[in-house]
$ cat final.txt   # compact mmCIF, C-alpha atoms
# COMPACT_ATOMS: atom_id res chain seq x y z
CA MET A 61 0.00 0.00 0.00
CA GLU A 62 1.16 3.48 -0.72
CA THR A 63 0.79 4.37 2.98
CA VAL A 64 3.32 1.75 3.88
CA ASP A 65 5.63 2.88 1.12
CA ILE A 66 5.56 6.46 2.33
CA VAL A 67 5.99 5.78 5.98
CA PHE A 68 7.82 2.54 6.44
CA GLY A 69 9.39 1.60 3.16
CA ARG A 70 12.72 3.36 3.11
CA ARG A 71 14.69 2.25 6.14
CA ASN A 72 16.08 -1.02 4.83
CA PHE A 73 16.60 0.46 1.44
CA LEU A 74 18.64 3.30 2.78
CA LYS A 75 20.86 0.91 4.69
CA LYS A 76 21.37 -1.30 1.68
CA THR A 77 22.25 1.55 -0.62
CA ALA A 78 24.74 3.13 1.77
CA LEU A 79 27.64 2.13 -0.47
CA PHE A 80 26.21 3.91 -3.47
CA SER A 81 25.41 6.94 -1.35
CA THR A 82 29.12 7.47 -0.78
CA GLY A 83 29.03 9.41 -4.02
CA VAL A 84 28.27 12.26 -1.66
CA ALA A 85 30.27 10.93 1.29
CA GLY A 86 32.19 13.26 3.49
CA ILE A 87 29.36 15.76 3.55
CA THR A 88 28.16 16.51 7.04
CA VAL A 89 25.19 18.39 8.37
CA LEU A 90 26.40 21.92 8.81
CA PRO A 91 25.97 23.48 12.24
CA GLN A 92 25.57 26.94 10.68
CA VAL A 93 21.92 26.97 11.55
CA GLY A 94 22.78 26.73 15.22
CA TRP A 95 20.67 23.77 16.32
CA ALA A 96 21.73 20.86 14.16
CA GLU A 97 24.73 18.82 15.26
CA PRO A 98 27.25 18.12 12.53
CA ARG A 99 26.76 14.60 11.24
CA GLU A 100 28.05 12.48 8.41
CA GLU A 101 25.79 12.48 5.37
CA GLU A 102 25.49 8.69 5.28
CA GLU A 103 24.52 8.58 8.95
CA LYS A 104 21.56 10.95 8.59
CA PRO A 105 20.49 10.85 4.94
CA ASN A 106 16.92 11.79 5.89
CA VAL A 107 17.89 15.07 7.51
CA ILE A 108 17.39 17.68 4.79
CA GLY A 109 19.29 20.91 5.25
CA PRO A 110 22.68 22.59 4.95
CA ARG A 111 25.72 20.39 4.37
CA LYS A 112 29.33 20.95 5.26
CA GLY A 113 31.34 22.11 2.26
CA PHE A 114 28.43 23.90 0.57
CA THR A 115 26.70 27.23 1.07
CA PRO A 116 23.40 26.77 2.98
CA HIS A 117 20.92 26.66 0.10
CA ILE A 118 23.23 24.64 -2.14
CA GLY A 119 23.86 22.17 0.68
CA THR A 120 20.13 21.86 1.19
CA MET A 121 19.62 21.18 -2.52
CA VAL A 122 22.38 18.56 -2.36
CA SER A 123 20.69 16.87 0.60
CA MET A 124 17.43 16.69 -1.36
CA MET A 125 19.12 15.29 -4.44
CA SER A 126 20.93 12.67 -2.38
CA TRP A 127 17.69 11.70 -0.63
CA MET A 128 15.74 11.54 -3.90
CA ARG A 129 18.25 9.19 -5.44
CA GLY A 130 17.34 6.64 -2.77
CA PRO A 131 13.87 5.70 -4.03
CA VAL A 132 15.20 5.54 -7.60
CA LEU A 133 17.90 3.06 -6.60
CA ARG A 134 15.36 1.07 -4.63
CA THR A 135 13.21 0.72 -7.74
CA ALA A 136 16.17 -0.38 -9.82
CA ARG A 137 17.70 -2.75 -7.28
CA GLY A 138 18.07 -6.31 -8.47
CA LEU A 139 16.60 -5.80 -11.93
CA THR A 140 18.01 -8.02 -14.67
CA THR A 141 18.90 -6.78 -18.14
CA GLU A 142 15.71 -8.31 -19.46
CA GLN A 143 13.66 -6.50 -16.83
CA LEU A 144 15.47 -3.23 -17.46
CA ASP A 145 14.61 -3.62 -21.16
CA TYR A 146 10.94 -4.51 -20.55
CA LEU A 147 8.52 -2.46 -22.67
CA HIS A 148 5.02 -2.47 -21.26
CA ASP A 149 3.38 -1.35 -24.48
CA GLU A 150 4.32 0.12 -27.85
CA LYS A 151 4.90 3.64 -26.50
CA SER A 152 6.42 2.80 -23.13
CA ASN A 153 9.93 3.67 -22.15
CA SER A 154 11.96 0.93 -20.49
CA ILE A 155 13.20 1.31 -16.93
CA GLY A 156 16.76 1.19 -18.24
CA ALA A 157 16.09 4.04 -20.66
CA MET A 158 14.50 6.10 -17.93
CA LEU A 159 17.47 5.58 -15.63
CA LEU A 160 19.79 6.79 -18.38
CA HIS A 161 17.36 9.64 -19.06
CA LEU A 162 17.85 10.84 -15.48
CA ALA A 163 21.61 10.87 -15.99
CA ALA A 164 21.22 12.68 -19.34
CA THR A 165 18.98 15.32 -17.80
CA GLU A 166 21.45 15.99 -15.02
CA LYS A 167 24.32 16.11 -17.52
CA TYR A 168 22.56 18.74 -19.66
CA TYR A 169 21.63 20.87 -16.66
CA GLN A 170 25.30 20.72 -15.64
CA LEU A 171 26.41 22.03 -19.00
CA HIS A 172 23.74 24.70 -18.93
CA THR A 173 24.07 25.95 -15.35
CA PHE A 174 27.71 25.24 -14.51
CA GLY A 175 29.05 25.63 -18.04
CA ASN A 176 26.87 28.60 -18.99
CA MET A 177 25.92 26.89 -22.24
CA GLU A 178 22.70 27.71 -24.00
CA TRP A 179 20.33 24.75 -23.86
CA GLY A 180 21.02 22.43 -26.80
CA SER A 181 24.32 24.01 -27.80
CA TRP A 182 26.25 20.98 -26.61
CA ASP A 183 29.32 19.66 -28.39
CA LYS A 184 28.46 17.06 -31.01
CA ALA A 185 30.10 14.27 -29.01
CA VAL A 186 28.00 15.16 -25.99
CA SER A 187 24.78 15.16 -27.99
CA GLU A 188 25.68 11.86 -29.60
CA LYS A 189 26.26 10.32 -26.21
CA TRP A 190 23.19 11.65 -24.41
CA ASP A 191 20.47 12.80 -26.83
CA THR A 192 18.85 9.40 -27.25
CA ALA A 193 18.41 9.00 -23.50
CA MET A 194 17.35 12.61 -23.15
CA ASN A 195 14.64 12.31 -25.77
CA LEU A 196 13.35 8.86 -24.85
CA GLY A 197 10.64 7.51 -27.20
CA LYS A 198 11.18 5.43 -30.34
CA GLU A 199 14.93 5.83 -30.74
CA ALA A 200 15.53 5.06 -27.08
CA ARG A 201 13.40 1.92 -27.36
CA GLU A 202 15.54 0.78 -30.26
CA LYS A 203 18.98 1.72 -28.98
CA ILE A 204 18.97 1.62 -25.19
CA LYS A 205 18.88 -2.06 -24.32
CA GLY A 206 21.08 -4.98 -23.47
CA ASN A 207 22.81 -3.18 -20.60
CA ASN A 208 22.99 -4.53 -17.08
CA LEU A 209 22.00 -2.57 -13.99
CA GLU A 210 25.58 -1.64 -13.20
CA TYR A 211 25.80 0.23 -16.50
CA TYR A 212 22.92 2.51 -15.57
CA LEU A 213 23.98 2.97 -11.96
CA ASN A 214 27.48 3.91 -13.04
CA ALA A 215 26.10 6.52 -15.43
CA LEU A 216 23.99 8.03 -12.65
CA LYS A 217 26.87 7.93 -10.18
CA GLU A 218 29.43 9.49 -12.51
CA VAL A 219 27.15 12.35 -13.49
CA ARG A 220 26.18 12.97 -9.87
CA GLU A 221 29.83 13.17 -8.78
CA THR A 222 30.34 16.03 -11.23
CA THR A 223 27.25 17.80 -9.92
CA ILE A 224 28.52 17.58 -6.35
CA ALA A 225 32.00 18.78 -7.32
CA GLU A 226 30.56 21.76 -9.21
CA PHE A 227 28.14 22.70 -6.45
CA LYS A 228 31.12 22.96 -4.10
CA LYS A 229 32.51 25.75 -6.29
CA LYS A 230 29.25 27.74 -6.34
CA ASP A 231 27.44 29.82 -3.73
CA ASP A 232 23.89 30.74 -2.82
CA LYS A 233 24.04 33.94 -4.81
CA TRP A 234 24.65 31.86 -7.91
CA LEU A 235 21.86 29.45 -6.94
CA LEU A 236 19.31 32.23 -6.45
CA ALA A 237 20.26 34.58 -9.29
CA VAL A 238 17.43 34.95 -11.79
CA ASP A 239 17.73 33.89 -15.44
CA GLU A 240 15.19 36.12 -17.20
CA LYS A 241 15.39 34.26 -20.52
CA TRP A 242 14.51 30.71 -19.56
CA PRO A 243 11.68 29.29 -21.72
CA TRP A 244 9.35 28.45 -18.82
CA GLY A 245 9.72 32.05 -17.60
CA PRO A 246 12.18 33.88 -15.36
CA THR A 247 13.78 31.29 -13.11
CA ASN A 248 16.86 30.61 -11.03
CA ASN A 249 19.39 27.83 -10.75
CA TYR A 250 17.64 26.67 -7.60
CA CYS A 251 14.49 26.02 -9.65
CA LYS A 252 16.41 24.35 -12.45
CA TRP A 253 18.11 21.98 -10.02
CA PHE A 254 14.97 21.42 -8.02
CA HIS A 255 13.41 20.33 -11.30
CA VAL A 256 16.29 17.91 -11.93
CA CYS A 257 15.54 16.51 -8.47
CA GLU A 258 11.74 16.18 -8.69
CA HIS A 259 12.13 14.87 -12.23
CA GLU A 260 13.72 11.76 -10.67
CA SER A 261 10.55 11.25 -8.66
CA ASN A 262 8.39 11.77 -11.75
CA HIS A 263 10.16 8.96 -13.58
CA ASN A 264 10.47 6.85 -10.46
CA GLY A 265 6.69 6.85 -10.27
CA GLN A 266 6.59 5.57 -13.83
CA MET A 267 9.37 3.04 -13.24
CA LYS A 268 7.58 1.62 -10.20
CA TRP A 269 4.33 1.42 -12.13
CA ILE A 270 6.03 -0.50 -14.94
CA LYS A 271 8.11 -2.64 -12.59
CA SER A 272 4.98 -3.84 -10.82
CA ARG A 273 3.73 -5.13 -14.18
CA ILE A 274 6.83 -6.97 -15.38
CA PRO A 275 5.67 -10.56 -15.85
CA GLY A 276 6.96 -12.82 -13.11
CA LEU A 277 8.44 -10.04 -11.00
CA LYS A 278 6.93 -9.63 -7.54
CA SER A 279 6.69 -5.95 -6.84
CA GLY A 280 4.75 -3.12 -5.25
CA ASN A 281 1.30 -1.71 -5.80
CA ASP A 282 1.98 1.25 -8.00
CA MET B 298 9.35 14.64 -26.28
CA GLU B 299 10.52 14.75 -22.73
CA THR B 300 13.11 17.38 -23.63
CA VAL B 301 10.38 19.71 -24.73
CA ASP B 302 8.38 19.00 -21.62
CA ILE B 303 11.31 19.85 -19.39
CA VAL B 304 12.45 22.94 -21.15
CA PHE B 305 9.50 24.50 -22.87
CA GLY B 306 6.34 23.02 -21.48
CA ARG B 307 5.51 25.08 -18.43
CA ARG B 308 5.14 28.71 -19.45
CA ASN B 309 1.60 28.63 -20.81
CA PHE B 310 0.54 26.28 -18.11
CA LEU B 311 1.76 28.54 -15.37
CA LYS B 312 -0.09 31.48 -16.85
CA LYS B 313 -3.30 29.52 -17.14
CA THR B 314 -3.18 28.25 -13.59
CA ALA B 315 -2.46 31.64 -12.07
CA LEU B 316 -5.91 31.75 -10.52
CA PHE B 317 -5.41 28.50 -8.70
CA SER B 318 -1.99 29.61 -7.59
CA THR B 319 -3.59 32.35 -5.55
CA GLY B 320 -3.88 29.75 -2.82
CA VAL B 321 -0.41 31.05 -2.01
CA ALA B 322 -0.96 34.60 -3.25
CA GLY B 323 0.50 37.51 -1.43
CA ILE B 324 3.79 35.71 -0.92
CA THR B 325 6.71 37.66 -2.33
CA VAL B 326 10.30 36.76 -2.91
CA LEU B 327 12.09 37.77 0.22
CA PRO B 328 15.04 40.15 -0.13
CA GLN B 329 16.66 38.62 2.98
CA VAL B 330 19.30 37.01 0.84
CA GLY B 331 20.45 40.37 -0.38
CA TRP B 332 20.48 39.84 -4.11
CA ALA B 333 16.90 38.93 -5.02
CA GLU B 334 14.42 41.72 -5.57
CA PRO B 335 11.13 41.26 -3.75
CA ARG B 336 8.50 40.02 -6.16
CA GLU B 337 4.98 38.68 -6.01
CA GLU B 338 4.82 34.91 -5.92
CA GLU B 339 2.52 34.67 -8.94
CA GLU B 340 4.85 36.88 -10.98
CA LYS B 341 7.90 34.70 -10.47
CA PRO B 342 6.67 31.20 -9.61
CA ASN B 343 9.84 29.67 -11.05
CA VAL B 344 12.17 31.48 -8.70
CA ILE B 345 12.77 29.03 -5.86
CA GLY B 346 13.94 30.55 -2.59
CA PRO B 347 12.86 32.45 0.52
CA ARG B 348 9.39 33.94 0.57
CA LYS B 349 8.06 36.93 2.47
CA GLY B 350 6.13 35.87 5.56
CA PHE B 351 8.13 32.68 6.14
CA THR B 352 11.52 31.91 7.64
CA PRO B 353 14.10 31.30 4.88
CA HIS B 354 14.07 27.50 4.70
CA ILE B 355 10.29 27.27 5.17
CA GLY B 356 9.75 29.90 2.47
CA THR B 357 12.01 27.92 0.16
CA MET B 358 10.03 24.73 0.85
CA VAL B 359 6.81 26.67 0.17
CA SER B 360 8.21 27.91 -3.16
CA MET B 361 9.02 24.33 -4.15
CA MET B 362 5.60 23.04 -3.18
CA SER B 363 3.90 25.84 -5.11
CA TRP B 364 6.06 25.14 -8.16
CA MET B 365 5.47 21.38 -7.97
CA ARG B 366 1.72 21.85 -7.90
CA GLY B 367 1.97 23.37 -11.37
CA PRO B 368 2.77 20.20 -13.35
CA VAL B 369 0.11 18.30 -11.39
CA LEU B 370 -2.55 20.82 -12.36
CA ARG B 371 -1.34 20.76 -15.93
CA THR B 372 -1.87 17.01 -16.05
CA ALA B 373 -5.36 17.31 -14.60
CA ARG B 374 -6.47 20.28 -16.64
CA GLY B 375 -9.58 19.66 -18.73
CA LEU B 376 -10.12 16.04 -17.71
CA THR B 377 -13.72 14.89 -17.63
CA THR B 378 -15.19 12.75 -14.86
CA GLU B 379 -14.96 9.72 -17.11
CA GLN B 380 -11.27 10.43 -17.80
CA LEU B 381 -10.58 11.04 -14.11
CA ASP B 382 -12.17 7.64 -13.37
CA TYR B 383 -10.28 5.79 -16.13
CA LEU B 384 -8.63 2.58 -14.93
CA HIS B 385 -5.86 1.45 -17.25
CA ASP B 386 -5.79 -2.09 -15.93
CA GLU B 387 -7.11 -4.11 -13.00
CA LYS B 388 -4.51 -2.79 -10.55
CA SER B 389 -4.24 0.80 -11.75
CA ASN B 390 -5.28 3.78 -9.71
CA SER B 391 -7.37 6.39 -11.46
CA ILE B 392 -6.08 9.92 -11.96
CA GLY B 393 -8.90 11.16 -9.74
CA ALA B 394 -7.91 8.82 -6.93
CA MET B 395 -4.28 9.88 -7.23
CA LEU B 396 -5.21 13.57 -7.05
CA LEU B 397 -7.17 12.89 -3.87
CA HIS B 398 -4.28 10.77 -2.63
CA LEU B 399 -2.02 13.81 -2.86
CA ALA B 400 -4.45 15.82 -0.75
CA ALA B 401 -4.75 12.96 1.76
CA THR B 402 -0.98 12.65 2.07
CA GLU B 403 -0.61 16.37 2.72
CA LYS B 404 -3.48 16.27 5.24
CA TYR B 405 -1.85 13.45 7.22
CA TYR B 406 1.56 15.13 7.22
CA GLN B 407 -0.16 18.27 8.53
CA LEU B 408 -1.67 16.35 11.44
CA HIS B 409 1.64 14.65 12.12
CA THR B 410 4.03 17.58 11.83
CA PHE B 411 1.87 20.59 12.78
CA GLY B 412 -0.45 18.71 15.16
CA ASN B 413 2.25 16.53 16.73
CA MET B 414 0.11 13.44 16.23
CA GLU B 415 1.64 10.01 15.94
CA TRP B 416 1.22 8.70 12.41
CA GLY B 417 -2.13 6.90 12.11
CA SER B 418 -3.56 8.19 15.39
CA TRP B 419 -6.05 10.38 13.55
CA ASP B 420 -9.56 10.97 14.78
CA LYS B 421 -12.03 8.46 13.39
CA ALA B 422 -13.78 11.11 11.28
CA VAL B 423 -10.46 12.09 9.70
CA SER B 424 -9.58 8.50 8.87
CA GLU B 425 -13.02 7.88 7.43
CA LYS B 426 -12.65 10.90 5.19
CA TRP B 427 -9.10 10.32 3.97
CA ASP B 428 -7.98 6.69 4.44
CA THR B 429 -9.41 5.41 1.17
CA ALA B 430 -7.52 8.03 -0.85
CA MET B 431 -4.42 7.57 1.27
CA ASN B 432 -4.33 3.82 0.73
CA LEU B 433 -5.32 3.77 -2.96
CA GLY B 434 -5.77 0.26 -4.42
CA LYS B 435 -8.97 -1.78 -4.50
CA GLU B 436 -11.12 0.28 -2.16
CA ALA B 437 -10.14 3.52 -3.90
CA ARG B 438 -11.04 1.99 -7.27
CA GLU B 439 -14.49 1.12 -5.93
CA LYS B 440 -15.24 4.30 -3.99
CA ILE B 441 -13.40 7.22 -5.58
CA LYS B 442 -15.26 7.89 -8.79
CA GLY B 443 -17.99 10.01 -10.29
CA ASN B 444 -16.42 13.29 -9.16
CA ASN B 445 -15.63 16.14 -11.48
CA LEU B 446 -12.25 17.85 -11.70
CA GLU B 447 -13.36 20.74 -9.49
CA TYR B 448 -13.96 18.29 -6.64
CA TYR B 449 -10.34 17.13 -6.71
CA LEU B 450 -8.87 20.59 -7.25
CA ASN B 451 -10.87 21.96 -4.33
CA ALA B 452 -9.60 19.18 -2.07
CA LEU B 453 -6.01 19.95 -3.08
CA LYS B 454 -6.51 23.70 -2.68
CA GLU B 455 -8.18 23.51 0.72
CA VAL B 456 -5.53 21.26 2.17
CA ARG B 457 -2.75 23.41 0.73
CA GLU B 458 -4.20 26.56 2.30
CA THR B 459 -3.91 24.96 5.72
CA THR B 460 -0.31 23.95 5.01
CA ILE B 461 0.58 27.52 4.07
CA ALA B 462 -1.17 28.96 7.12
CA GLU B 463 0.61 26.52 9.44
CA PHE B 464 4.02 27.10 7.86
CA LYS B 465 3.62 30.81 8.64
CA LYS B 466 3.49 29.95 12.34
CA LYS B 467 6.64 27.81 12.26
CA ASP B 468 10.33 28.62 11.91
CA ASP B 469 13.45 27.04 10.47
CA LYS B 470 14.42 25.55 13.81
CA TRP B 471 11.19 23.58 13.73
CA LEU B 472 11.77 22.61 10.09
CA LEU B 473 15.28 21.31 10.76
CA ALA B 474 14.80 19.69 14.18
CA VAL B 475 15.45 15.95 14.04
CA ASP B 476 12.78 13.34 14.82
CA GLU B 477 14.81 10.35 15.96
CA LYS B 478 11.87 7.92 15.96
CA TRP B 479 10.59 8.17 12.40
CA PRO B 480 10.25 4.73 10.76
CA TRP B 481 12.54 5.50 7.80
CA GLY B 482 15.25 6.61 10.27
CA PRO B 483 16.07 9.91 12.02
CA THR B 484 14.61 12.68 9.94
CA ASN B 485 13.39 16.26 10.11
CA ASN B 486 10.28 18.14 9.12
CA TYR B 487 12.14 19.47 6.11
CA CYS B 488 12.56 15.91 4.84
CA LYS B 489 8.96 14.99 5.62
CA TRP B 490 7.66 18.00 3.69
CA PHE B 491 10.15 17.55 0.88
CA HIS B 492 8.73 14.05 0.57
CA VAL B 493 5.18 15.43 0.39
CA CYS B 494 6.45 17.65 -2.43
CA GLU B 495 8.39 15.08 -4.50
CA HIS B 496 5.55 12.60 -3.91
CA GLU B 497 3.41 14.87 -6.13
CA SER B 498 5.95 14.42 -8.90
CA ASN B 499 6.00 10.66 -8.36
CA HIS B 500 2.26 10.42 -8.91
CA ASN B 501 2.29 13.06 -11.61
CA GLY B 502 4.61 10.79 -13.56
CA GLN B 503 2.05 8.01 -13.21
CA MET B 504 -0.89 10.28 -13.99
CA LYS B 505 0.79 11.52 -17.19
CA TRP B 506 1.58 7.95 -18.21
CA ILE B 507 -2.03 6.92 -17.72
CA LYS B 508 -3.45 10.09 -19.25
CA SER B 509 -1.49 9.49 -22.44
CA ARG B 510 -3.26 6.12 -22.73
CA ILE B 511 -6.85 7.21 -22.14
CA PRO B 512 -8.70 6.16 -25.32
CA GLY B 513 -9.54 9.13 -27.49
CA LEU B 514 -7.59 11.66 -25.44
CA LYS B 515 -4.71 13.36 -27.23
CA SER B 516 -1.86 13.67 -24.80
CA GLY B 517 1.88 13.61 -24.25
CA ASN B 518 4.54 10.97 -24.66
CA ASP B 519 4.96 9.61 -21.18
$ encode --input "final.txt" --output "structure tokens"
Amino acid sequence: METVDIVFGRRNFLKKTALFSTGVAGITVLPQVGWAEPREEEEKPNVIGPRKGFTPHIGTMVSMMSWMRGPVLRTARGLTTEQLDYLHDEKSNSIGAMLLHLAATEKYYQLHTFGNMEWGSWDKAVSEKWDTAMNLGKEAREKIKGNNLEYYLNALKEVRETTIAEFKKKDDKWLLAVDEKWPWGPTNNYCKWFHVCEHESNHNGQMKWIKSRIPGLKSGND
Amino acid sequence: METVDIVFGRRNFLKKTALFSTGVAGITVLPQVGWAEPREEEEKPNVIGPRKGFTPHIGTMVSMMSWMRGPVLRTARGLTTEQLDYLHDEKSNSIGAMLLHLAATEKYYQLHTFGNMEWGSWDKAVSEKWDTAMNLGKEAREKIKGNNLEYYLNALKEVRETTIAEFKKKDDKWLLAVDEKWPWGPTNNYCKWFHVCEHESNHNGQMKWIKSRIPGLKSGND
């Protein structure tokens, strides 16, 4: 039941994925706010807020992104190549393609926000590597398959490590500064990165829905 | 294509849902941070950050929740009762039930975090009103149907207004204080409310997937 998932479902998962979470290891809860004791990130992954080594709002965004990765990894855990390739119907995306799509999205937002590149102005090699995953749909159904889970998790992990490293170089002024020209209207880097974060939940909802319908795979009730 | 959805899809939507967004009207971007001009919430809904009338982290959480509501409303916009009741297969939840589920989730987190109630210790009348939507599944398929879109949007709006009113009474110390006994491990109110927020994206992903498969309804590519 969804109730159970929301309230009781994450503990074991978080323990089991501790190794992967070390992509953001070494980050502690920052005592800047005056009432939170400094703690290691992996000890208190469910405490959202400032993190040591980042300005307060950036650290908070990092803590959300780290937390959000948890449910995604829980969905993916243990899936075989065949299950990662499963297409529920003729217009479905596979779970594998959606995992790579999350990495592609984060990669493009890196280039845009850290690299100051106009959206879509990527180097040809970058586009060739990531566009299929970014766009999903027919081409992704044809090309993104045959990979094992480690392939997708490595892509997510490698991209995330760059995000963390770049966030360390930025400050809250950068995060909050307004980009007046963004297509969805004036926005800031905080909103762009919050979107990258909630976008993982959006696709995780779809991945769970599909996972629960893979023939022969016992799964949840989504 | 998902790229288009991420980059270009929200502007018109945000304009069209401005009326609904007045559930959080009167909130302006707080100049506390020193580099953001104060603005009305509805003028800059894509600028995540502190909001006038809230402590900095709470205002930031409010800005995320307001932003996240946008894509949910976009998914729901224009759906008929029959479309809201559509069940894609024998274990699917309807879009209507998921919309009410979002309101139920927010209601229960209100009682828990603002009302200091242990999870599930709700008054009988509260449980009778919200448990079916909270639990989704079989009972929700049987009972949550026949309502028009306004019914669901009103439920979401009314619950959200209480959230906003309660957040105004709280401060960042409250948001960041750690609850050591939470089932998914030590956590804080920031994490609980971030979950309420990303949980909307999780179900929005599912709602979009289902919407795009409602017979006769032209829709996106999820």
$ closest_atom_pairs --input "final.txt" --of "stretch 417-472 of chain B" --to "stretch 368-373 of chain B" --cutoff "10 Å" --atoms "only C-alpha atoms" --output "Markdown table"
| residue | atom | partner | partner_atom | distance |
| --- | --- | --- | --- | --- |
| B:Leu446 | CA | B:Ala373 | CA | 7.5 |
| B:Tyr449 | CA | B:Ala373 | CA | 9.3 |
| B:Leu450 | CA | B:Leu370 | CA | 8.1 |
| B:Leu453 | CA | B:Leu370 | CA | 9.9 |
$ atom_distance --input "final.txt" --atom1 "atom CA of B:Asn486" --atom2 "atom CA of B:Leu473"
6.1 Å
$ atom_distance --input "final.txt" --atom1 "atom CA of A:Ser154" --atom2 "atom CA of A:Lys271"
9.5 Å
$ atom_distance --input "final.txt" --atom1 "atom CA of A:Leu235" --atom2 "atom CA of B:Gly350"
21.1 Å
$ residues_near_point --input "final.txt" --point "(32.3, 26.0, -5.7)" --cutoff "10 Å" --atoms "only C-alpha atoms" --output "list in words"
Gly113, Phe114, Thr115, Ile118, Phe174, Ile224, Ala225, Glu226, Phe227, Lys228, Lys229, Lys230, Asp231 and Trp234 of chain A
$ residues_around --input "final.txt" --residues "A:Val256" --least-positions-apart "5" --cutoff "9 Å" --atoms "all atoms listed in the file" --output "JSON, numbers by chain"
{"A": [125, 162, 165, 166, 169, 251]}
$ residues_around --input "final.txt" --residues "A:Glu258" --least-positions-apart "2" --cutoff "12 Å" --atoms "only C-alpha atoms" --output "VMD selection string"
(chain A and resid 121 124 to 129 131 to 132 162 165 to 166 251 to 256 260 to 265) or (chain B and resid 303 361 to 362 364 to 366 368 491 to 502)
$ residues_near_point --input "final.txt" --point "(17.3, 9.9, 12.3)" --cutoff "9 Å" --atoms "all atoms listed in the file" --output "list in words"
Glu103, Lys104, Pro105, Asn106 and Val107 of chain A; Val475, Asp476, Glu477, Lys478, Trp479, Pro480, Trp481, Gly482, Pro483, Thr484 and Asn485 of chain B
$ residues_around --input "final.txt" --residues "A:Val186" --least-positions-apart "2" --cutoff "10 Å" --atoms "all atoms listed in the file" --output "list in words"
Ala164, Lys167, Tyr168, Leu171, Ser181, Trp182, Asp183, Lys184, Glu188, Lys189, Trp190 and Asp191 of chain A
$ closest_residue --input "final.txt" --among "B:Asn444, B:Ser389, B:Asn413, B:Thr378" --to "chain A" --atoms "all atoms listed in the file"
B:Ser389
$ closest_residue --input "final.txt" --among "B:Met414, B:Ala430, B:Ala400, B:Ser509" --to "B:Glu455" --atoms "all atoms listed in the file"
B:Ala400
$ closest_residue --input "final.txt" --among "A:Arg201, A:Lys278, A:Lys151, A:His172" --to "chain B" --atoms "only C-alpha atoms"
A:Lys151
$ axis_aligned_box --input "final.txt" --around "stretch 202-205 of chain A" --padding-each-side "3 Å" --output "AutoDock Vina command-line options"
--center_x 17.3 --center_y -0.2 --center_z -27.3 --size_x 9.4 --size_y 9.8 --size_z 11.9
$ decode --input "final.txt" --residues "stretch 258-270 of chain A" --atoms "N, CA and C atoms" --output "PDB file, in the first residue's frame"
ATOM      1  N   GLU A 258      13.108  16.731  -8.679  1.00  0.00           N
ATOM      2  CA  GLU A 258      11.743  16.184  -8.691  1.00  0.00           C
ATOM      3  C   GLU A 258      11.488  15.343  -9.942  1.00  0.00           C
ATOM      4  N   HIS A 259      12.226  15.638 -10.995  1.00  0.00           N
ATOM      5  CA  HIS A 259      12.132  14.866 -12.234  1.00  0.00           C
ATOM      6  C   HIS A 259      12.508  13.398 -11.991  1.00  0.00           C
ATOM      7  N   GLU A 260      13.392  13.151 -11.025  1.00  0.00           N
ATOM      8  CA  GLU A 260      13.718  11.763 -10.672  1.00  0.00           C
ATOM      9  C   GLU A 260      12.500  11.077 -10.064  1.00  0.00           C
ATOM     10  N   SER A 261      11.744  11.820  -9.268  1.00  0.00           N
ATOM     11  CA  SER A 261      10.547  11.250  -8.658  1.00  0.00           C
ATOM     12  C   SER A 261       9.474  10.988  -9.706  1.00  0.00           C
ATOM     13  N   ASN A 262       9.333  11.925 -10.643  1.00  0.00           N
ATOM     14  CA  ASN A 262       8.390  11.769 -11.752  1.00  0.00           C
ATOM     15  C   ASN A 262       8.629  10.441 -12.469  1.00  0.00           C
ATOM     16  N   HIS A 263       9.873  10.205 -12.857  1.00  0.00           N
ATOM     17  CA  HIS A 263      10.159   8.960 -13.577  1.00  0.00           C
ATOM     18  C   HIS A 263      10.193   7.755 -12.645  1.00  0.00           C
ATOM     19  N   ASN A 264      10.519   7.976 -11.384  1.00  0.00           N
ATOM     20  CA  ASN A 264      10.472   6.848 -10.458  1.00  0.00           C
ATOM     21  C   ASN A 264       9.037   6.346 -10.310  1.00  0.00           C
ATOM     22  N   GLY A 265       8.089   7.268 -10.302  1.00  0.00           N
ATOM     23  CA  GLY A 265       6.687   6.855 -10.272  1.00  0.00           C
ATOM     24  C   GLY A 265       6.340   5.980 -11.466  1.00  0.00           C
ATOM     25  N   GLN A 266       6.845   6.365 -12.630  1.00  0.00           N
ATOM     26  CA  GLN A 266       6.594   5.566 -13.832  1.00  0.00           C
ATOM     27  C   GLN A 266       7.348   4.233 -13.788  1.00  0.00           C
ATOM     28  N   MET A 267       8.584   4.280 -13.320  1.00  0.00           N
ATOM     29  CA  MET A 267       9.372   3.038 -13.242  1.00  0.00           C
ATOM     30  C   MET A 267       8.733   2.038 -12.285  1.00  0.00           C
ATOM     31  N   LYS A 268       8.239   2.520 -11.157  1.00  0.00           N
ATOM     32  CA  LYS A 268       7.582   1.617 -10.197  1.00  0.00           C
ATOM     33  C   LYS A 268       6.308   1.030 -10.804  1.00  0.00           C
ATOM     34  N   TRP A 269       5.577   1.886 -11.498  1.00  0.00           N
ATOM     35  CA  TRP A 269       4.329   1.419 -12.135  1.00  0.00           C
ATOM     36  C   TRP A 269       4.628   0.288 -13.122  1.00  0.00           C
ATOM     37  N   ILE A 270       5.656   0.510 -13.939  1.00  0.00           N
ATOM     38  CA  ILE A 270       6.033  -0.496 -14.939  1.00  0.00           C
ATOM     39  C   ILE A 270       6.624  -1.735 -14.271  1.00  0.00           C
TER      40      ILE A 270
END
